[in-house]
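J.: Got a structure for you, entry_34.txt, holding compact mmCIF, C-alpha atoms and all ligand atoms.
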```
# COMPACT_ATOMS: atom_id res chain seq x y z
CA MET A 1 -1.01 27.29 8.45
CA PHE A 2 -1.32 23.54 7.87
CA TYR A 3 -2.33 21.32 4.94
CA LEU A 4 -4.18 18.04 5.00
CA GLY A 5 -4.04 15.06 2.65
CA MET A 6 -6.73 12.38 2.86
CA ASP A 7 -6.40 9.03 1.09
CA VAL A 8 -9.78 7.34 1.19
CA GLY A 9 -8.74 3.79 0.29
CA SER A 10 -10.74 0.62 -0.24
CA THR A 11 -9.90 -0.91 3.12
CA ALA A 12 -8.28 1.89 5.12
CA THR A 13 -8.36 5.67 5.18
CA LYS A 14 -5.10 7.51 5.75
CA CYS A 15 -4.66 11.16 6.71
CA ILE A 16 -1.52 13.30 6.84
CA VAL A 17 -1.11 16.86 8.12
CA VAL A 18 1.94 18.87 7.02
CA ASP A 19 3.15 22.31 8.01
CA GLY A 20 4.11 25.11 5.61
CA SER A 21 7.49 23.49 4.93
CA GLY A 22 5.96 20.12 3.99
CA THR A 23 7.06 18.42 7.21
CA ILE A 24 4.66 15.79 8.53
CA VAL A 25 3.22 16.90 11.88
CA GLY A 26 0.40 14.37 12.27
CA LYS A 27 -0.96 11.17 10.80
CA GLY A 28 -4.09 9.10 11.28
CA LEU A 29 -5.28 5.74 9.97
CA ALA A 30 -8.70 4.16 10.34
CA ARG A 31 -10.09 0.91 8.99
CA GLY A 32 -12.77 1.45 6.36
CA GLY A 33 -13.03 3.56 3.25
CA ALA A 34 -15.62 5.62 1.42
CA GLY A 35 -19.07 5.69 2.97
CA THR A 36 -17.79 4.74 6.44
CA LYS A 37 -16.77 6.76 9.50
CA ALA A 38 -13.09 6.11 8.72
CA PRO A 39 -12.30 9.47 7.03
CA ALA A 40 -13.59 11.42 10.06
CA ALA A 41 -11.70 9.12 12.46
CA ALA A 42 -8.42 9.33 10.49
CA GLU A 43 -8.70 13.12 10.33
CA ALA A 44 -9.44 13.42 14.07
CA GLU A 45 -6.40 11.25 14.90
CA ALA A 46 -4.08 13.23 12.61
CA LEU A 47 -5.28 16.62 13.94
CA ALA A 48 -4.93 15.46 17.56
CA GLN A 49 -1.40 14.17 16.93
CA ALA A 50 -0.46 17.45 15.21
CA GLN A 51 -2.21 19.49 17.94
CA VAL A 52 -3.85 21.45 15.16
CA SER A 53 -7.52 22.51 14.98
CA GLU A 54 -9.64 22.25 11.84
CA SER A 55 -9.66 26.03 11.49
CA GLU A 56 -5.86 26.02 11.10
CA ILE A 57 -6.08 23.79 7.99
CA GLU A 58 -5.67 25.96 4.90
CA THR A 59 -6.35 23.36 2.20
CA ILE A 60 -7.54 19.75 2.12
CA CYS A 61 -6.70 17.51 -0.82
CA ALA A 62 -8.43 14.13 -1.21
CA THR A 63 -7.21 11.14 -3.14
CA GLY A 64 -7.89 7.40 -3.30
CA TYR A 65 -10.67 5.15 -4.41
CA GLY A 66 -13.32 6.97 -2.33
CA ARG A 67 -12.08 10.54 -2.74
CA HIS A 68 -15.25 11.73 -4.51
CA LEU A 69 -17.30 11.03 -1.39
CA PHE A 70 -15.09 13.10 0.93
CA ASP A 71 -16.89 16.42 0.67
CA GLN A 72 -14.71 18.49 3.06
CA ALA A 73 -11.93 18.49 0.46
CA ASN A 74 -11.05 21.69 -1.41
CA MET A 75 -9.40 19.72 -4.16
CA GLU A 76 -8.94 16.16 -5.47
CA LYS A 77 -5.97 14.48 -7.12
CA SER A 78 -5.66 11.06 -8.68
CA GLU A 79 -4.03 8.24 -6.72
CA LEU A 80 -1.24 7.94 -9.27
CA SER A 81 -0.33 11.63 -8.98
CA CYS A 82 -0.36 11.50 -5.18
CA HIS A 83 1.65 8.29 -5.01
CA ALA A 84 4.27 9.76 -7.32
CA LYS A 85 4.41 13.00 -5.31
CA GLY A 86 4.60 11.21 -1.94
CA ALA A 87 7.22 8.69 -3.05
CA SER A 88 9.49 11.34 -4.52
CA ARG A 89 9.60 12.93 -1.04
CA LEU A 90 9.73 9.74 1.05
CA PHE A 91 12.40 8.15 -1.17
CA PRO A 92 14.38 10.92 -2.90
CA GLY A 93 15.71 9.77 -6.28
CA VAL A 94 13.42 6.71 -6.47
CA ARG A 95 12.61 5.60 -10.05
CA THR A 96 10.24 2.64 -9.54
CA VAL A 97 7.47 2.52 -6.93
CA ILE A 98 5.58 -0.72 -6.28
CA ASP A 99 2.33 -0.02 -4.45
CA ILE A 100 0.15 -2.88 -3.22
CA GLY A 101 -3.03 -1.79 -1.49
CA GLY A 102 -6.20 -3.51 -0.40
CA GLN A 103 -7.80 -3.64 -3.80
CA ASP A 104 -5.19 -2.99 -6.46
CA ALA A 105 -1.49 -3.21 -7.25
CA LYS A 106 0.38 -0.65 -9.28
CA VAL A 107 3.91 0.01 -10.41
CA LEU A 108 4.93 3.60 -11.11
CA ARG A 109 7.98 4.81 -13.01
CA LEU A 110 9.17 8.23 -11.90
CA GLY A 111 11.39 10.54 -13.89
CA VAL A 112 14.64 11.91 -12.50
CA GLY A 113 12.78 14.94 -11.06
CA GLY A 114 10.05 12.79 -9.46
CA SER A 115 7.39 13.24 -12.16
CA LEU A 116 5.20 10.29 -13.17
CA GLU A 117 6.50 8.85 -16.45
CA ASN A 118 4.57 5.61 -16.81
CA PHE A 119 2.66 3.03 -14.82
CA ALA A 120 1.17 -0.47 -14.90
CA MET A 121 -1.81 -1.46 -12.81
CA ASN A 122 -3.90 -4.44 -11.75
CA ASP A 123 -7.26 -3.25 -10.52
CA LYS A 124 -9.34 -6.00 -12.11
CA CYS A 125 -8.47 -8.99 -9.97
CA ALA A 126 -7.93 -9.50 -6.24
CA ALA A 127 -5.00 -11.88 -6.85
CA GLY A 128 -1.74 -10.04 -6.19
CA THR A 129 -3.40 -7.45 -3.92
CA GLY A 130 -3.83 -7.01 -0.19
CA ARG A 131 -7.28 -8.55 -0.54
CA PHE A 132 -5.69 -11.89 -1.47
CA LEU A 133 -3.56 -11.76 1.68
CA ASP A 134 -6.53 -10.70 3.82
CA VAL A 135 -8.54 -13.71 2.58
CA MET A 136 -5.64 -16.13 3.25
CA ALA A 137 -5.03 -14.65 6.73
CA GLY A 138 -8.72 -15.40 7.35
CA VAL A 139 -8.12 -19.06 6.42
CA PHE A 140 -5.05 -19.19 8.70
CA GLY A 141 -7.05 -17.61 11.52
CA CYS A 142 -4.48 -14.86 11.99
CA ASP A 143 -4.22 -11.14 11.36
CA VAL A 144 -2.64 -10.03 8.07
CA SER A 145 0.14 -8.39 10.11
CA GLU A 146 1.21 -11.86 11.33
CA LEU A 147 1.80 -13.33 7.85
CA SER A 148 5.40 -12.13 7.78
CA ASP A 149 6.22 -14.08 10.97
CA TYR A 150 4.47 -17.15 9.58
CA ASP A 151 6.60 -16.96 6.42
CA ARG A 152 9.78 -16.60 8.48
CA GLN A 153 9.07 -19.92 10.19
CA SER A 154 8.76 -21.72 6.86
CA ASP A 155 11.51 -23.96 5.48
CA HIS A 156 10.04 -24.32 2.00
CA SER A 157 7.32 -22.61 0.03
CA VAL A 158 4.25 -24.68 -0.92
CA SER A 159 3.27 -23.67 -4.43
CA ILE A 160 -0.25 -22.29 -4.86
CA SER A 161 -1.23 -22.95 -8.47
CA SER A 162 -4.61 -21.16 -8.58
CA THR A 163 -4.35 -17.50 -9.38
CA CYS A 164 -8.02 -16.72 -8.75
CA THR A 165 -8.48 -15.71 -5.10
CA VAL A 166 -11.57 -17.88 -4.63
CA PHE A 167 -9.89 -21.01 -6.05
CA ALA A 168 -6.63 -20.23 -4.25
CA GLU A 169 -8.54 -20.02 -0.97
CA SER A 170 -9.93 -23.55 -1.56
CA GLU A 171 -6.44 -24.73 -2.51
CA VAL A 172 -4.94 -23.29 0.69
CA ILE A 173 -7.66 -24.96 2.77
CA SER A 174 -6.97 -28.33 1.13
CA LYS A 175 -3.17 -27.98 1.48
CA LEU A 176 -3.60 -27.36 5.21
CA ALA A 177 -6.01 -30.30 5.46
CA SER A 178 -3.48 -32.55 3.71
CA GLY A 179 -0.92 -31.81 6.42
CA GLU A 180 1.25 -29.08 4.87
CA SER A 181 2.63 -26.71 7.51
CA ILE A 182 0.76 -23.43 7.86
CA TYR A 183 4.10 -21.59 7.65
CA ASP A 184 5.04 -23.21 4.33
CA VAL A 185 1.59 -22.49 2.92
CA ALA A 186 1.94 -18.85 4.04
CA ALA A 187 5.26 -18.69 2.19
CA GLY A 188 3.48 -20.05 -0.90
CA VAL A 189 0.78 -17.41 -0.57
CA HIS A 190 3.51 -14.76 -0.48
CA ASP A 191 5.20 -16.24 -3.53
CA SER A 192 1.91 -16.08 -5.41
CA VAL A 193 1.62 -12.31 -4.71
CA VAL A 194 5.33 -11.84 -5.47
CA ASP A 195 5.04 -13.59 -8.85
CA ARG A 196 2.13 -11.42 -9.92
CA THR A 197 3.80 -8.24 -8.69
CA ALA A 198 7.07 -9.07 -10.44
CA GLY A 199 5.10 -9.76 -13.63
CA LEU A 200 3.45 -6.33 -13.41
CA ALA A 201 6.78 -4.63 -12.65
CA ASN A 202 8.59 -6.40 -15.48
CA ARG A 203 5.83 -5.41 -17.89
CA LEU A 204 6.63 -1.79 -17.11
CA GLY A 205 10.37 -2.33 -16.82
CA ILE A 206 12.18 -1.88 -13.51
CA VAL A 207 14.55 1.06 -13.14
CA PRO A 208 16.37 1.22 -9.77
CA PRO A 209 16.22 2.56 -7.08
CA VAL A 210 13.00 0.73 -6.21
CA ALA A 211 10.64 1.48 -3.32
CA MET A 212 7.51 -0.22 -2.06
CA THR A 213 4.43 1.52 -0.64
CA GLY A 214 0.88 0.60 0.37
CA GLY A 215 -0.18 -1.51 3.32
CA VAL A 216 1.43 -4.67 1.92
CA ALA A 217 4.86 -2.97 2.14
CA LEU A 218 4.57 -3.53 5.91
CA ASN A 219 4.93 -7.27 5.26
CA ASP A 220 8.72 -7.65 5.56
CA ALA A 221 8.94 -11.31 4.50
CA LEU A 222 6.90 -10.68 1.35
CA ARG A 223 9.02 -7.63 0.51
CA GLU A 224 12.22 -9.65 0.88
CA ARG A 225 10.85 -12.36 -1.43
CA LEU A 226 10.02 -9.65 -3.96
CA GLU A 227 13.57 -8.26 -3.70
CA LYS A 228 14.97 -11.69 -4.55
CA LYS A 229 12.51 -12.16 -7.41
CA ILE A 230 13.18 -8.81 -9.13
CA GLY A 231 16.88 -8.71 -8.26
CA TYR A 232 16.89 -5.21 -6.75
CA PRO A 233 16.84 -4.00 -3.16
CA ILE A 234 13.50 -2.42 -2.23
CA GLN A 235 13.38 0.58 0.08
CA THR A 236 10.39 1.13 2.29
CA SER A 237 9.33 3.36 5.15
CA GLU A 238 7.11 3.12 8.20
CA LEU A 239 5.04 5.73 6.34
CA ALA A 240 4.62 3.44 3.28
CA GLN A 241 0.89 3.09 3.81
CA PHE A 242 0.58 6.89 4.13
CA ASN A 243 2.36 7.62 0.85
CA GLY A 244 -0.79 8.63 -1.07
CA ALA A 245 -2.05 10.80 1.79
CA PHE A 246 1.38 12.45 2.07
CA GLY A 247 1.37 13.20 -1.67
CA ALA A 248 -2.13 14.68 -1.32
CA ALA A 249 -0.97 16.87 1.59
CA ILE A 250 1.93 18.16 -0.52
CA TYR A 251 -0.50 18.96 -3.37
CA ALA A 252 -2.63 20.88 -0.84
CA LEU A 253 0.47 22.80 0.27
CA GLU A 254 1.55 23.60 -3.30
CA ALA A 255 -1.96 24.76 -4.19
P1 LIG B 1 -6.14 0.78 0.37
O1 LIG B 1 -5.59 2.17 0.17
O2 LIG B 1 -6.65 0.14 -0.88
O3 LIG B 1 -7.14 0.71 1.48
P2 LIG B 1 -3.66 0.09 1.77
O4 LIG B 1 -2.49 0.64 1.03
O5 LIG B 1 -4.10 0.81 3.01
O6 LIG B 1 -4.89 -0.13 0.78
O7 LIG B 1 -3.30 -1.42 2.10
C1 LIG B 1 -4.25 -2.27 2.71
C2 LIG B 1 -3.70 -3.68 2.69
O8 LIG B 1 -2.45 -3.71 3.37
C3 LIG B 1 -4.59 -4.66 3.43
O9 LIG B 1 -5.49 -5.27 2.53
C4 LIG B 1 -3.60 -5.64 4.05
O10 LIG B 1 -3.47 -6.78 3.21
C5 LIG B 1 -2.28 -4.91 4.08
N1 LIG B 1 -1.85 -4.54 5.45
C6 LIG B 1 -2.39 -3.57 6.22
N2 LIG B 1 -1.74 -3.49 7.40
C7 LIG B 1 -0.77 -4.42 7.37
C8 LIG B 1 0.24 -4.84 8.31
N3 LIG B 1 0.38 -4.28 9.51
N4 LIG B 1 1.07 -5.84 7.92
C9 LIG B 1 0.95 -6.42 6.72
N5 LIG B 1 0.02 -6.08 5.80
C10 LIG B 1 -0.83 -5.09 6.12
```
Represent the structure from my file as structure tokens, please.

T.:
Amino acid sequence: MFYLGMDVGSTATKCIVVDGSGTIVGKGLARGGAGTKAPAAAEAEALAQAQVSESEIETICATGYGRHLFDQANMEKSELSCHAKGASRLFPGVRTVIDIGGQDAKVLRLGVGGSLENFAMNDKCAAGTGRFLDVMAGVFGCDVSELSDYDRQSDHSVSISSTCTVFAESEVISKLASGESIYDVAAGVHDSVVDRTAGLANRLGIVPPVAMTGGVALNDALRERLEKKIGYPIQTSELAQFNGAFGAAIYALEA
């Protein structure tokens, strides 16, 4: 039998299928969250990759912002629980998990056995989240996945003083118009997210080893800036964006 975890996020829906030993056999990701076709698309992709039919799925656990709207689920778990569960498997022994998604940023402290001990969260403001980066990528006319390469071509970071996403967007537009290089402005955009993330992490207190999850963990240049800022190496994984869905799949298995 197989077990399915579905993370219905704000910008992307992630699905993981595990077998009876908790090994990942399929994954799917679709743009869009609750109320869109993304959950069905992510599930179809994960099942096809796993070569598993719906009837072979024993339990489905939903998590994420839009989990209440995913009615095929047999159970639901909070994002924090699933992120803690997933991270303790993806990064054995990890004590601090920094998760930056499309709409929020959170820092989790795990206990020695992987249980959630404490957390700090920003879900009130787009600054310091993937949304901020998505908006700035729109100004640069590139995809968010290209921001890391932009940063790598920078020789100095142009400071972005506005923290509000709307004002920062105007500031970025005027910096570009005044002749600053797009690469240096991209580095400044990264530093803005890094400063807010480090502030959140320091509020909680950072205990190493540290790992980063969520879609923004795929941005290597930003992650390296964050490593320098907090003074600890940060592990990540190609499955970083699937961490919540993986945790949900493990909950489904344990149920
Ligand atoms: P949510 O669960 O809230 O939908 P995710 O953890 O899926 O959030 O992260 C989505 C965010 O990750 C996007 O807003 C975007 O900024 C960022 N992101 C997604 N894919 C990439 C990528 N390939 N490279 C860099 N950043 C990415």

J.: When you count all atoms listed in the file, which of these residues is closest to A:Gly33: A:Ile16, A:Thr59, A:Ser53, A:Leu69?

T.: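 For A:Gly33, the nearest of the candidates is A:Leu69.
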
J.: Taking into account all atoms listed in the file, which residue in the set A:Val144, A:Met136, A:Val216, A:Val52 is nearest to A:Gly188?

T.: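 Of A:Val144, A:Met136, A:Val216, A:Val52, the one nearest A:Gly188 is A:Met136, counting all atoms listed in the file.
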
J.: Could you work out an axis-aligned bounding box for all listed atoms of stretch 239-250 of chain A, with 8 Å added on each of the six sides, and give its centre and edge lengths in Å to one decimal, as AutoDock Vina command-line options?

T.:
```
--center_x 1.5 --center_y 10.6 --center_z 2.3 --size_x 23.2 --size_y 31.1 --size_z 24.0
```

J.: What lies within 12 Å of A:Gly102 using only C-alpha atoms, ignoring chain neighbours under 3 positions off, as a ChimeraX atom specification?

T.: /A:8-13,31-33,64-65,99,105-106,122-123,125-135,144,213-217,241

J.: Next, write the just-selected residues to a file, as a compact mmCIF listing (two decimals), in the frame of the given file, keeping C-alpha atoms as the atom set.

T.:
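The result, stored in selection.txt:
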```
# COMPACT_ATOMS: atom_id res chain seq x y z
CA VAL A 8 -9.78 7.34 1.19
CA GLY A 9 -8.74 3.79 0.29
CA SER A 10 -10.74 0.62 -0.24
CA THR A 11 -9.90 -0.91 3.12
CA ALA A 12 -8.28 1.89 5.12
CA THR A 13 -8.36 5.67 5.18
CA ARG A 31 -10.09 0.91 8.99
CA GLY A 32 -12.77 1.45 6.36
CA GLY A 33 -13.03 3.56 3.25
CA GLY A 64 -7.89 7.40 -3.30
CA TYR A 65 -10.67 5.15 -4.41
CA ASP A 99 2.33 -0.02 -4.45
CA ALA A 105 -1.49 -3.21 -7.25
CA LYS A 106 0.38 -0.65 -9.28
CA ASN A 122 -3.90 -4.44 -11.75
CA ASP A 123 -7.26 -3.25 -10.52
CA CYS A 125 -8.47 -8.99 -9.97
CA ALA A 126 -7.93 -9.50 -6.24
CA ALA A 127 -5.00 -11.88 -6.85
CA GLY A 128 -1.74 -10.04 -6.19
CA THR A 129 -3.40 -7.45 -3.92
CA GLY A 130 -3.83 -7.01 -0.19
CA ARG A 131 -7.28 -8.55 -0.54
CA PHE A 132 -5.69 -11.89 -1.47
CA LEU A 133 -3.56 -11.76 1.68
CA ASP A 134 -6.53 -10.70 3.82
CA VAL A 135 -8.54 -13.71 2.58
CA VAL A 144 -2.64 -10.03 8.07
CA THR A 213 4.43 1.52 -0.64
CA GLY A 214 0.88 0.60 0.37
CA GLY A 215 -0.18 -1.51 3.32
CA VAL A 216 1.43 -4.67 1.92
CA ALA A 217 4.86 -2.97 2.14
CA GLN A 241 0.89 3.09 3.81
```

J.: Rank A:Gly93, A:Gly22, A:Pro209, A:Gly141 by their smallest atom-to-atom distance to A:Ile182, using all atoms listed in the file, and report the top residue only.

T.: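 Closest to A:Ile182 of all the choices is A:Gly141.
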
J.: Calculated over all atoms listed in the file, which of the candidates A:Val17, A:Ile24, A:Phe242, A:Ala87 has the smallest distance to A:Ala44?

T.: A:Val17

J.: Would you mind telling me which residue in A:Arg67, A:Lys14, A:Arg203, A:Arg89 lies nearest to ligand LIG 1 (chain B) when using all atoms listed in the file?

T.: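 The answer is A:Lys14, which sits nearest to ligand LIG 1 (chain B).
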
J.: Just checking: using all atoms listed in the file, which residue out of A:Ile60, A:Leu108, A:Ala240, A:Ala186 ends up closest to ligand LIG 1 (chain B)?

T.: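 Of all the options, A:Ala240 lies closest to ligand LIG 1 (chain B).
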
J.: For atom CA of A:Gln235 and atom CA of A:Gly247, determine how far apart the two atoms are, in Å to one decimal place.

T.: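 Between these atoms lies a distance of 17.5 Å.
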
J.: Record the distance separating atom CA of A:Lys175 and atom CA of A:Asn202, expressed in Å with one decimal.

T.: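 Distance between the two atoms: 29.9 Å.
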
J.: Please, what distance in Å, to one decimal, runs between atom C3 of ligand LIG 1 (chain B) and atom CA of A:Gly101?

T.: 5.9 Å
